[in-house]
Structure formats: C-alpha cells, structure tokens
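**Student:** Have a peek at my_file-v3.cif (mmCIF, C-alpha atoms).
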```
data_data
#
loop_
_atom_site.group_PDB
_atom_site.id
_atom_site.type_symbol
_atom_site.label_atom_id
_atom_site.label_comp_id
_atom_site.auth_asym_id
_atom_site.auth_seq_id
_atom_site.Cartn_x
_atom_site.Cartn_y
_atom_site.Cartn_z
ATOM 1 C CA MET A 1 -67.552 23.063 20.161
ATOM 2 C CA LEU A 2 -66.730 21.037 17.046
ATOM 3 C CA ALA A 3 -63.601 23.045 16.135
ATOM 4 C CA GLN A 4 -61.815 22.389 19.437
ATOM 5 C CA PRO A 5 -61.267 18.599 19.046
ATOM 6 C CA SER A 6 -59.943 18.993 15.486
ATOM 7 C CA ARG A 7 -57.378 21.526 16.678
ATOM 8 C CA ILE A 8 -56.228 19.186 19.428
ATOM 9 C CA VAL A 9 -55.903 16.267 16.969
ATOM 10 C CA LEU A 10 -53.831 18.401 14.606
ATOM 11 C CA THR A 11 -51.516 19.457 17.426
ATOM 12 C CA LEU A 12 -50.982 15.855 18.563
ATOM 13 C CA SER A 13 -50.269 14.733 14.977
ATOM 14 C CA THR A 14 -47.643 17.456 14.514
ATOM 15 C CA TRP A 15 -46.031 16.566 17.850
ATOM 16 C CA ASN A 16 -45.821 12.876 16.950
ATOM 17 C CA HIS A 17 -44.219 13.697 13.560
ATOM 18 C CA GLN A 18 -41.576 15.979 15.079
ATOM 19 C CA HIS A 19 -40.893 13.526 17.887
ATOM 20 C CA THR A 20 -40.414 10.661 15.421
ATOM 21 C CA ARG A 21 -38.121 12.756 13.210
ATOM 22 C CA GLY A 22 -36.014 13.781 16.183
ATOM 23 C CA MET A 23 -35.663 10.172 17.345
ATOM 24 C CA ALA A 24 -34.735 9.062 13.817
ATOM 25 C CA THR A 25 -31.987 11.689 13.657
ATOM 26 C CA LEU A 26 -30.643 10.621 17.051
ATOM 27 C CA LYS A 27 -30.670 6.976 16.011
ATOM 28 C CA SER A 28 -28.769 7.635 12.776
ATOM 29 C CA ILE A 29 -26.150 9.715 14.612
ATOM 30 C CA SER A 30 -25.839 7.021 17.289
ATOM 31 C CA LEU A 31 -25.318 4.293 14.657
ATOM 32 C CA ARG A 32 -22.717 6.360 12.857
ATOM 33 C CA LEU A 33 -20.933 7.128 16.141
ATOM 34 C CA LYS A 34 -20.833 3.435 16.999
ATOM 35 C CA SER A 35 -19.491 2.602 13.529
ATOM 36 C CA VAL A 36 -16.696 5.173 13.760
ATOM 37 C CA LYS A 37 -15.713 3.892 17.216
ATOM 38 C CA ASN A 38 -15.437 0.351 15.835
ATOM 39 C CA ILE A 39 -13.310 1.603 12.954
ATOM 40 C CA GLN A 40 -11.028 3.410 15.410
ATOM 41 C CA LYS A 41 -10.536 0.169 17.357
ATOM 42 C CA ILE A 42 -9.577 -1.622 14.133
ATOM 43 C CA THR A 43 -7.100 1.062 13.037
ATOM 44 C CA GLN A 44 -5.498 1.157 16.481
ATOM 45 C CA SER A 45 -5.089 -2.625 16.438
ATOM 46 C CA MET A 46 -3.601 -2.515 12.927
ATOM 47 C CA LYS A 47 -1.187 0.181 14.053
ATOM 48 C CA MET A 48 0.043 -1.993 16.920
ATOM 49 C CA VAL A 49 0.440 -5.020 14.657
ATOM 50 C CA SER A 50 2.284 -2.964 12.037
ATOM 51 C CA ALA A 51 4.588 -1.534 14.701
ATOM 52 C CA ALA A 52 5.601 -5.042 15.773
ATOM 53 C CA LYS A 53 6.100 -6.164 12.159
ATOM 54 C CA TYR A 54 8.045 -2.994 11.372
ATOM 55 C CA ALA A 55 10.503 -3.610 14.222
ATOM 56 C CA ARG A 56 11.179 -7.108 12.880
ATOM 57 C CA ALA A 57 11.408 -5.917 9.259
ATOM 58 C CA GLU A 58 13.938 -3.233 10.202
ATOM 59 C CA ARG A 59 16.156 -5.775 11.965
ATOM 60 C CA GLU A 60 16.039 -8.154 9.005
ATOM 61 C CA LEU A 61 16.709 -5.339 6.543
ATOM 62 C CA LYS A 62 20.089 -4.669 8.125
ATOM 63 C CA LEU A 63 21.036 -8.303 7.504
ATOM 64 C CA ALA A 64 19.761 -8.247 3.908
ATOM 65 C CA ARG A 65 21.542 -5.092 2.759
ATOM 66 C CA PRO A 66 24.905 -6.826 2.082
ATOM 67 C CA PHE A 67 23.145 -8.990 -0.544
ATOM 68 C CA GLY A 68 22.115 -5.969 -2.572
ATOM 69 C CA GLU A 69 25.232 -3.915 -1.951
ATOM 70 C CA GLY A 70 27.511 -6.799 -2.966
ATOM 71 C CA ALA A 71 25.777 -7.373 -6.302
ATOM 72 C CA GLN A 72 25.738 -3.664 -7.090
ATOM 73 C CA ALA A 73 29.423 -3.352 -6.176
ATOM 74 C CA PHE A 74 30.340 -6.076 -8.688
ATOM 75 C CA TYR A 75 28.411 -4.358 -11.496
ATOM 76 C CA LYS A 76 29.973 -1.020 -10.615
ATOM 77 C CA LYS A 77 33.540 -2.320 -10.396
ATOM 78 C CA ALA A 78 33.257 -4.285 -13.636
ATOM 79 C CA GLU A 79 31.540 -1.270 -15.268
ATOM 80 C CA VAL A 80 28.625 -3.316 -16.528
ATOM 81 C CA THR A 81 26.239 -1.125 -18.523
ATOM 82 C CA ALA A 82 22.974 -1.674 -20.329
ATOM 83 C CA PRO A 83 22.964 -1.645 -24.146
ATOM 84 C CA GLU A 84 22.573 1.770 -25.728
ATOM 85 C CA ASP A 85 19.966 0.566 -28.202
ATOM 86 C CA THR A 86 16.623 1.978 -27.044
ATOM 87 C CA ASN A 87 14.711 -0.728 -28.912
ATOM 88 C CA SER A 88 16.465 -3.600 -27.149
ATOM 89 C CA PRO A 89 14.186 -5.741 -24.957
ATOM 90 C CA LYS A 90 14.056 -4.579 -21.343
ATOM 91 C CA LEU A 91 12.550 -5.944 -18.157
ATOM 92 C CA ILE A 92 11.074 -4.057 -15.201
ATOM 93 C CA VAL A 93 10.405 -5.854 -11.912
ATOM 94 C CA ALA A 94 7.648 -4.148 -9.912
ATOM 95 C CA MET A 95 8.266 -4.803 -6.217
ATOM 96 C CA THR A 96 4.980 -4.567 -4.273
ATOM 97 C CA SER A 97 2.820 -6.906 -2.169
ATOM 98 C CA ASP A 98 -0.733 -8.212 -1.929
ATOM 99 C CA ARG A 99 -1.828 -6.029 0.984
ATOM 100 C CA GLY A 100 -3.051 -2.454 1.013
ATOM 101 C CA LEU A 101 -3.894 0.233 3.607
ATOM 102 C CA CYS A 102 -0.297 1.455 3.565
ATOM 103 C CA GLY A 103 -0.442 4.886 1.961
ATOM 104 C CA ALA A 104 1.076 5.425 -1.477
ATOM 105 C CA VAL A 105 3.682 2.640 -1.307
ATOM 106 C CA HIS A 106 2.235 0.592 -4.164
ATOM 107 C CA SER A 107 0.827 3.447 -6.233
ATOM 108 C CA ASN A 108 4.228 5.180 -6.367
ATOM 109 C CA VAL A 109 5.826 2.054 -7.869
ATOM 110 C CA GLY A 110 2.959 1.722 -10.323
ATOM 111 C CA ARG A 111 3.220 5.362 -11.397
ATOM 112 C CA VAL A 112 6.968 5.099 -12.117
ATOM 113 C CA ILE A 113 6.511 1.947 -14.193
ATOM 114 C CA ARG A 114 3.491 3.381 -15.999
ATOM 115 C CA ASN A 115 5.519 6.417 -17.065
ATOM 116 C CA ASN A 116 8.326 4.153 -18.342
ATOM 117 C CA LEU A 117 5.942 2.002 -20.346
ATOM 118 C CA GLN A 118 4.342 5.046 -21.941
ATOM 119 C CA GLN A 119 7.760 6.200 -23.158
ATOM 120 C CA GLU A 120 9.327 2.875 -24.174
ATOM 121 C CA GLY A 121 6.310 1.005 -25.526
ATOM 122 C CA ASP A 122 6.162 -2.725 -26.266
ATOM 123 C CA SER A 123 9.923 -3.281 -26.037
ATOM 124 C CA THR A 124 9.658 -3.302 -22.235
ATOM 125 C CA LYS A 125 8.003 -6.103 -20.270
ATOM 126 C CA VAL A 126 7.015 -6.170 -16.611
ATOM 127 C CA VAL A 127 7.204 -8.764 -13.863
ATOM 128 C CA CYS A 128 4.721 -7.954 -11.086
ATOM 129 C CA VAL A 129 5.861 -9.138 -7.672
ATOM 130 C CA GLY A 130 2.720 -8.712 -5.610
ATOM 131 C CA ASP A 131 -0.913 -8.454 -6.652
ATOM 132 C CA LYS A 132 -1.128 -4.683 -6.141
ATOM 133 C CA SER A 133 1.214 -3.847 -9.016
ATOM 134 C CA ARG A 134 -0.645 -6.254 -11.302
ATOM 135 C CA THR A 135 -3.953 -4.566 -10.417
ATOM 136 C CA ILE A 136 -2.516 -1.127 -11.178
ATOM 137 C CA LEU A 137 -0.902 -2.042 -14.511
ATOM 138 C CA GLN A 138 -3.218 -4.609 -16.066
ATOM 139 C CA ARG A 139 -5.917 -2.093 -16.986
ATOM 140 C CA VAL A 140 -3.775 -0.344 -19.585
ATOM 141 C CA PHE A 141 -0.602 -2.439 -19.958
ATOM 142 C CA ALA A 142 -1.909 -5.995 -19.681
ATOM 143 C CA ASN A 143 0.090 -7.070 -22.754
ATOM 144 C CA ASN A 144 3.351 -5.922 -21.148
ATOM 145 C CA ILE A 145 3.000 -8.184 -18.110
ATOM 146 C CA VAL A 146 5.099 -11.335 -18.496
ATOM 147 C CA LEU A 147 4.765 -12.783 -15.022
ATOM 148 C CA ALA A 148 2.849 -12.049 -11.818
ATOM 149 C CA ALA A 149 3.717 -13.419 -8.379
ATOM 150 C CA LYS A 150 1.102 -13.570 -5.619
ATOM 151 C CA GLU A 151 1.099 -14.282 -1.893
ATOM 152 C CA ILE A 152 3.697 -11.556 -1.323
ATOM 153 C CA GLY A 153 3.537 -9.608 1.922
ATOM 154 C CA ARG A 154 1.409 -12.041 3.896
ATOM 155 C CA LYS A 155 4.523 -13.611 5.408
ATOM 156 C CA VAL A 156 8.054 -12.388 5.972
ATOM 157 C CA PRO A 157 9.980 -12.544 2.648
ATOM 158 C CA THR A 158 12.800 -15.059 2.553
ATOM 159 C CA PHE A 159 15.679 -15.746 0.182
ATOM 160 C CA GLN A 160 13.826 -18.820 -1.021
ATOM 161 C CA ASP A 161 10.971 -16.609 -2.204
ATOM 162 C CA ALA A 162 13.451 -14.408 -4.051
ATOM 163 C CA ALA A 163 15.158 -17.444 -5.606
ATOM 164 C CA LYS A 164 11.815 -18.805 -6.852
ATOM 165 C CA THR A 165 10.966 -15.412 -8.348
ATOM 166 C CA ALA A 166 14.359 -15.163 -10.070
ATOM 167 C CA GLN A 167 14.029 -18.698 -11.412
ATOM 168 C CA ALA A 168 10.551 -17.925 -12.778
ATOM 169 C CA ILE A 169 11.921 -14.824 -14.535
ATOM 170 C CA LEU A 170 14.802 -16.750 -16.120
ATOM 171 C CA GLU A 171 12.494 -19.587 -17.186
ATOM 172 C CA SER A 172 9.769 -17.305 -18.556
ATOM 173 C CA GLY A 173 11.326 -17.374 -22.032
ATOM 174 C CA TYR A 174 11.672 -13.601 -22.287
ATOM 175 C CA GLN A 175 15.218 -12.664 -23.315
ATOM 176 C CA PHE A 176 16.037 -9.186 -22.000
ATOM 177 C CA GLU A 177 19.248 -7.226 -22.434
ATOM 178 C CA GLY A 178 18.791 -4.976 -19.412
ATOM 179 C CA GLY A 179 16.251 -3.715 -16.977
ATOM 180 C CA LYS A 180 15.632 -2.544 -13.442
ATOM 181 C CA ILE A 181 13.831 -3.299 -10.219
ATOM 182 C CA VAL A 182 11.478 -0.556 -9.024
ATOM 183 C CA TYR A 183 10.970 -0.651 -5.263
ATOM 184 C CA ASN A 184 10.580 1.565 -2.181
ATOM 185 C CA ARG A 185 13.843 2.231 -0.374
ATOM 186 C CA PHE A 186 13.427 2.621 3.368
ATOM 187 C CA LYS A 187 14.834 5.847 4.834
ATOM 188 C CA SER A 188 13.150 6.339 8.219
ATOM 189 C CA VAL A 189 9.958 5.525 10.078
ATOM 190 C CA VAL A 190 8.082 8.288 8.283
ATOM 191 C CA SER A 191 10.009 8.398 5.023
ATOM 192 C CA TYR A 192 10.764 6.185 2.033
ATOM 193 C CA ALA A 193 11.789 6.830 -1.557
ATOM 194 C CA THR A 194 10.788 5.041 -4.748
ATOM 195 C CA SER A 195 14.096 3.895 -6.234
ATOM 196 C CA GLU A 196 15.504 1.751 -9.030
ATOM 197 C CA ILE A 197 18.240 -0.889 -9.179
ATOM 198 C CA PRO A 198 19.584 -1.933 -12.597
ATOM 199 C CA ILE A 199 19.689 -5.579 -13.625
ATOM 200 C CA PHE A 200 21.757 -6.959 -16.500
ATOM 201 C CA SER A 201 21.764 -9.960 -18.776
ATOM 202 C CA ILE A 202 24.676 -12.355 -19.144
ATOM 203 C CA ASN A 203 25.591 -10.759 -22.489
ATOM 204 C CA ALA A 204 25.920 -7.342 -20.855
ATOM 205 C CA ILE A 205 28.200 -8.809 -18.179
ATOM 206 C CA HIS A 206 30.431 -10.509 -20.769
ATOM 207 C CA ALA A 207 30.689 -7.190 -22.616
ATOM 208 C CA ALA A 208 31.819 -5.289 -19.508
ATOM 209 C CA PRO A 209 35.185 -3.545 -20.158
ATOM 210 C CA LYS A 210 36.692 -4.348 -16.741
ATOM 211 C CA LEU A 211 35.462 -7.886 -16.264
ATOM 212 C CA SER A 212 39.048 -9.080 -16.671
ATOM 213 C CA VAL A 213 39.975 -7.759 -13.208
ATOM 214 C CA TYR A 214 38.314 -10.909 -11.871
ATOM 215 C CA ASP A 215 40.395 -14.028 -12.465
ATOM 216 C CA SER A 216 39.111 -17.426 -13.611
ATOM 217 C CA LEU A 217 35.745 -16.296 -14.899
ATOM 218 C CA ASP A 218 34.405 -18.698 -17.474
ATOM 219 C CA SER A 219 30.897 -18.802 -18.937
ATOM 220 C CA ASP A 220 29.546 -21.185 -16.292
ATOM 221 C CA VAL A 221 30.757 -19.007 -13.425
ATOM 222 C CA VAL A 222 29.290 -15.866 -14.986
ATOM 223 C CA GLN A 223 26.014 -17.686 -15.640
ATOM 224 C CA CYS A 224 25.780 -18.897 -12.038
ATOM 225 C CA TYR A 225 26.663 -15.484 -10.659
ATOM 226 C CA THR A 226 24.110 -13.769 -12.906
ATOM 227 C CA GLU A 227 21.359 -15.984 -11.528
ATOM 228 C CA TYR A 228 22.567 -15.544 -7.936
ATOM 229 C CA SER A 229 22.902 -11.767 -8.231
ATOM 230 C CA LEU A 230 19.360 -11.489 -9.627
ATOM 231 C CA ALA A 231 18.021 -13.486 -6.665
ATOM 232 C CA SER A 232 20.108 -11.374 -4.263
ATOM 233 C CA LEU A 233 18.809 -8.099 -5.683
ATOM 234 C CA ILE A 234 15.207 -9.339 -5.554
ATOM 235 C CA TYR A 235 15.691 -10.464 -1.953
ATOM 236 C CA TYR A 236 17.224 -7.130 -0.980
ATOM 237 C CA THR A 237 14.448 -5.106 -2.628
ATOM 238 C CA MET A 238 11.820 -7.365 -1.030
ATOM 239 C CA LYS A 239 13.223 -6.521 2.395
ATOM 240 C CA GLU A 240 13.463 -2.799 1.626
ATOM 241 C CA ASN A 241 9.915 -2.749 0.315
ATOM 242 C CA ALA A 242 8.556 -4.768 3.260
ATOM 243 C CA CYS A 243 10.114 -2.380 5.775
ATOM 244 C CA SER A 244 8.793 0.656 3.877
ATOM 245 C CA GLU A 245 5.344 -0.928 3.676
ATOM 246 C CA GLN A 246 5.103 -1.653 7.395
ATOM 247 C CA SER A 247 6.311 1.818 8.393
ATOM 248 C CA SER A 248 3.886 3.421 5.939
ATOM 249 C CA ARG A 249 0.994 1.271 7.196
ATOM 250 C CA MET A 250 1.840 2.177 10.780
ATOM 251 C CA THR A 251 1.801 5.886 9.904
ATOM 252 C CA ALA A 252 -1.409 5.526 7.881
ATOM 253 C CA MET A 253 -3.227 3.709 10.691
ATOM 254 C CA ASP A 254 -2.037 6.309 13.203
ATOM 255 C CA ASN A 255 -3.453 9.090 11.029
ATOM 256 C CA ALA A 256 -6.671 7.122 10.534
ATOM 257 C CA SER A 257 -7.049 6.687 14.314
ATOM 258 C CA LYS A 258 -6.553 10.417 14.869
ATOM 259 C CA ASN A 259 -9.102 11.257 12.170
ATOM 260 C CA ALA A 260 -11.564 8.808 13.707
ATOM 261 C CA GLY A 261 -11.052 10.445 17.102
ATOM 262 C CA GLU A 262 -11.815 13.868 15.654
ATOM 263 C CA MET A 263 -14.924 12.491 13.943
ATOM 264 C CA ILE A 264 -16.062 10.875 17.213
ATOM 265 C CA ASP A 265 -15.755 14.215 19.018
ATOM 266 C CA LYS A 266 -17.803 15.996 16.346
ATOM 267 C CA LEU A 267 -20.475 13.287 16.245
ATOM 268 C CA SER A 268 -20.708 13.238 20.048
ATOM 269 C CA LEU A 269 -21.208 17.000 20.085
ATOM 270 C CA THR A 270 -23.855 16.759 17.350
ATOM 271 C CA PHE A 271 -25.589 13.910 19.175
ATOM 272 C CA ASN A 272 -25.722 15.842 22.467
ATOM 273 C CA ARG A 273 -26.980 18.995 20.766
ATOM 274 C CA THR A 274 -29.663 17.082 18.871
ATOM 275 C CA ARG A 275 -30.784 15.253 22.007
ATOM 276 C CA GLN A 276 -30.949 18.515 23.925
ATOM 277 C CA ALA A 277 -32.976 20.100 21.127
ATOM 278 C CA VAL A 278 -35.419 17.169 21.110
ATOM 279 C CA ILE A 279 -35.883 17.343 24.892
ATOM 280 C CA THR A 280 -36.370 21.119 24.792
ATOM 281 C CA ARG A 281 -38.910 20.858 21.980
ATOM 282 C CA GLU A 282 -40.841 18.152 23.829
ATOM 283 C CA LEU A 283 -40.975 20.274 26.976
ATOM 284 C CA ILE A 284 -42.207 23.285 25.021
ATOM 285 C CA GLU A 285 -44.911 21.218 23.336
ATOM 286 C CA ILE A 286 -46.044 19.711 26.678
ATOM 287 C CA ILE A 287 -46.237 23.143 28.278
ATOM 288 C CA SER A 288 -48.069 24.566 25.265
ATOM 289 C CA GLY A 289 -50.570 21.692 25.317
ATOM 290 C CA ALA A 290 -51.154 22.104 29.075
ATOM 291 C CA SER A 291 -51.729 25.848 28.697
ATOM 292 C CA ALA A 292 -54.153 25.255 25.791
ATOM 293 C CA LEU A 293 -56.243 22.931 27.971
#
```
Hey, can you dump this file as structure tokens for me?

**Tutor:**
Amino acid sequence: MLAQPSRIVLTLSTWNHQHTRGMATLKSISLRLKSVKNIQKITQSMKMVSAAKYARAERELKLARPFGEGAQAFYKKAEVTAPEDTNSPKLIVAMTSDRGLCGAVHSNVGRVIRNNLQQEGDSTKVVCVGDKSRTILQRVFANNIVLAAKEIGRKVPTFQDAAKTAQAILESGYQFEGGKIVYNRFKSVVSYATSEIPIFSINAIHAAPKLSVYDSLDSDVVQCYTEYSLASLIYYTMKENACSEQSSRMTAMDNASKNAGEMIDKLSLTFNRTRQAVITRELIEIISGASAL
C-alpha cells in the first residue's frame, strides 16, 4: 500500500520534467524563427533600397565617365609615365566608403593595397577615402596612412566632394612622384573588377616626352590642370565605386533573403516536428497513467 503512492509521484515528476523540456525547446525554436523572419524583412527592405540607389548610381556613372576618360586620354597622349626609381615616394588612394554589407567590395581594395605596401614598404603612403579602408589598413600599416576621409557613401558623391579630397591630398605636405587610385570598376549588375588608375605629379607631367603637342602650356596651366585632373579622377572613381557598391549590396541582400527563407523553412519543419512529438508524448503518458490507475 505504501509503494503505490511513491510510484505515482515519481511518474508525475518525470512527466513534468519532460513536458517542461519540450516546451522550452519549442519556445527557443519559436524565438529563433521569429528572429530569422525579422532579419529577412530587413534584408528585403535593404535590397529594395539598394535597387533604387543602384538605378540612380548607374545613371550618374554614365555622366561621370567623361571626367575620368578625358584625364586618362591626356596622360596617354602626352606619354606621361611614373619615375622608374622604385624608392621614389608614391601615393595610393583607397576608394571605399563608410558602409558595409556589400560583399567583398571594400576587402578587395584593401587586399590589393596591402599587397602593394608589403612589397614597396615605407616609400608608399595611403589616402583612405572611406572609413572601411582605414579600418582594414590601420592594424598593420597605420604609419603609411597620410589622410583619411569619412562620411563617404552616406550621400551621393559629388564633384565638390572629390575637389575637397584632392585639395586635402595636395595640402597634406606629402610630395609624391607617382601613384594610383585603387577602386572597383563597375561591369554589370552582378560583376565588378578591382582596378587601378595612375596619378602623376607635376614633375612627371613636365618630363613627358610629348607634352609639346599641346600649345601654350606654361607652369601655371600645367599646375591647374594637374589639380583638376586629380579631382576628376577621384570623382570618376567615386562614381564607379558607388555603383559597384550598390549593385554588390543588392546582390548580397538578395542572397541573404534567400538564405533566410531556407532557414525559415527548416526551422518551421523542426518546430512542427517537435510540437508533434511533444503532443504524442503527452498523449502516451496520459494513456499510460490512466491504464495504471
């Protein structure tokens, strides 16, 4: 007579423990499912915003390309070249932005510049346009960074932004003989390429062998054009990089939304299976308890 109540108490305790564990598992799966659904809403919204910004960036890129092509055509026609001395001071302009969640747009630029700095050493300095490039490079090459520009990518880049950047480079006090701008060149909605555009100092332009094909070029004209061409190239690369960034972010958010959808399907299936298992176990325990009585 005394053994029967203890057996019933043990059975009820085991049932309560299993019931609580099953409910805890269902609650954790439900919270995770809700979190993933919220993330999917965010990524879908970011994709739509990036698609609208990409359409505008692509239109503005077509208008900005003559700025870059014109400056490069002058250097090519005049046969302006960088000095052959490997120890001469050089400048690299890293064209990125302050915003992330856009694939490998910024890391590709950082990797190219990091490889150059490892080969060339302290003779090469860097100007970081955008906070992402500064974050990538400052851990190892903090001493090579001359200038860093922020608030890039939050608004549409303008020629005034490029002119301010060029003026800051010229007024930084660093005298370079040659260099390049590392940026992402837009190819299509799903494709871009990390490219380089050379930049030259006024001494390199004066030393060009075919500069004489242009008439009436005195020192003041060459000086003014050097400053203008630097601003033009920065403006052009800003537009190329902005278009590549928006297309890459749109693709990245689309992939993130698809991955979230797949995760939602798996979590929903797990949730339903776990709930069914809990209900089945409860029914079995109720029937077993009724039969024992």

**Student:** I would like the residues chosen by the PyMOL selection byres ((chain A and resi 248) around 10) on the shown file; could you give them as a list in words?

**Tutor:** Ser50, Tyr54, Leu101, Cys102, Gly103, Ala104, Val105, Phe186, Ser188, Val189, Val190, Ser191, Tyr192, Ala242, Cys243, Ser244, Glu245, Gln246, Ser247, Arg249, Met250, Thr251, Ala252, Met253 and Asp254 of chain A

**Student:** Would you kindly return, as a compact mmCIF listing (two decimals) with C-alpha atoms, in the coordinates of the input, each protein, DNA or RNA residue with an atom no farther than 10 Å from any atom of segment 73-83 of chain A, considering only C-alpha atoms and excluding same-chain residues fewer than 5 positions away?

**Tutor:**
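Saved to part26.txt:
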```
# COMPACT_ATOMS: atom_id res chain seq x y z
CA GLY A 68 22.12 -5.97 -2.57
CA SER A 88 16.46 -3.60 -27.15
CA PRO A 89 14.19 -5.74 -24.96
CA LYS A 90 14.06 -4.58 -21.34
CA GLU A 177 19.25 -7.23 -22.43
CA GLY A 178 18.79 -4.98 -19.41
CA GLY A 179 16.25 -3.72 -16.98
CA PRO A 198 19.58 -1.93 -12.60
CA ILE A 199 19.69 -5.58 -13.62
CA PHE A 200 21.76 -6.96 -16.50
CA SER A 201 21.76 -9.96 -18.78
CA ASN A 203 25.59 -10.76 -22.49
CA ALA A 204 25.92 -7.34 -20.86
CA ILE A 205 28.20 -8.81 -18.18
CA HIS A 206 30.43 -10.51 -20.77
CA ALA A 207 30.69 -7.19 -22.62
CA ALA A 208 31.82 -5.29 -19.51
CA PRO A 209 35.18 -3.54 -20.16
CA LYS A 210 36.69 -4.35 -16.74
CA LEU A 211 35.46 -7.89 -16.26
CA SER A 212 39.05 -9.08 -16.67
CA VAL A 213 39.98 -7.76 -13.21
CA TYR A 214 38.31 -10.91 -11.87
CA SER A 229 22.90 -11.77 -8.23
```

**Student:** Please write the residues picked by the PyMOL selection byres ((chain A and resi 131) around 9) on this file as a PyMOL selection string.

**Tutor:** chain A and resi 96-99+128-130+132-136+148-152

**Student:** Kindly give the distance, in Å, that separates atom CA of Ala163 of chain A and atom CA of Ala64 of chain A, rounded to a single decimal.

**Tutor:**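 Spanning atom CA of Ala163 of chain A to atom CA of Ala64 of chain A is a straight-line distance of 14.0 Å.
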
**Student:** Please list as a ChimeraX atom specification every residue within 12 Å of Asp220 of chain A, counting only C-alpha atoms and excluding residues in the same chain fewer than 6 positions away.

**Tutor:** /A:202,206,226-227

**Student:** Using atom CA of Leu26 of chain A and atom CA of Met263 of chain A as the two end points, give the distance in Å to one decimal.

**Tutor:**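 Separation between atom CA of Leu26 of chain A and atom CA of Met263 of chain A: 16.1 Å.
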
**Student:** From the list A:Ser291, A:Gln223, A:Asn38, A:Asn144, which residue is nearest Val93 of chain A when using all atoms listed in the file?

**Tutor:** A:Asn144

**Student:** What does the structure give for the distance between atom CA of Arg281 of chain A and atom CA of Leu269 of chain A, in Å to one decimal?

**Tutor:** 18.2 Å

**Student:** Which is closer to Ser35 of chain A than all the others in A:Ala51, A:Leu283, A:Ala292, A:Ala260, using all atoms listed in the file?

**Tutor:**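 Of A:Ala51, A:Leu283, A:Ala292, A:Ala260, the one nearest Ser35 of chain A, counting all atoms listed in the file, is A:Ala260.
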
**Student:** If you count all atoms listed in the file, which residues fall within 6 Å of Ser195 of chain A, apart from same-chain ones fewer than 5 positions away, as a ChimeraX atom specification?

**Tutor:** /A:182-184
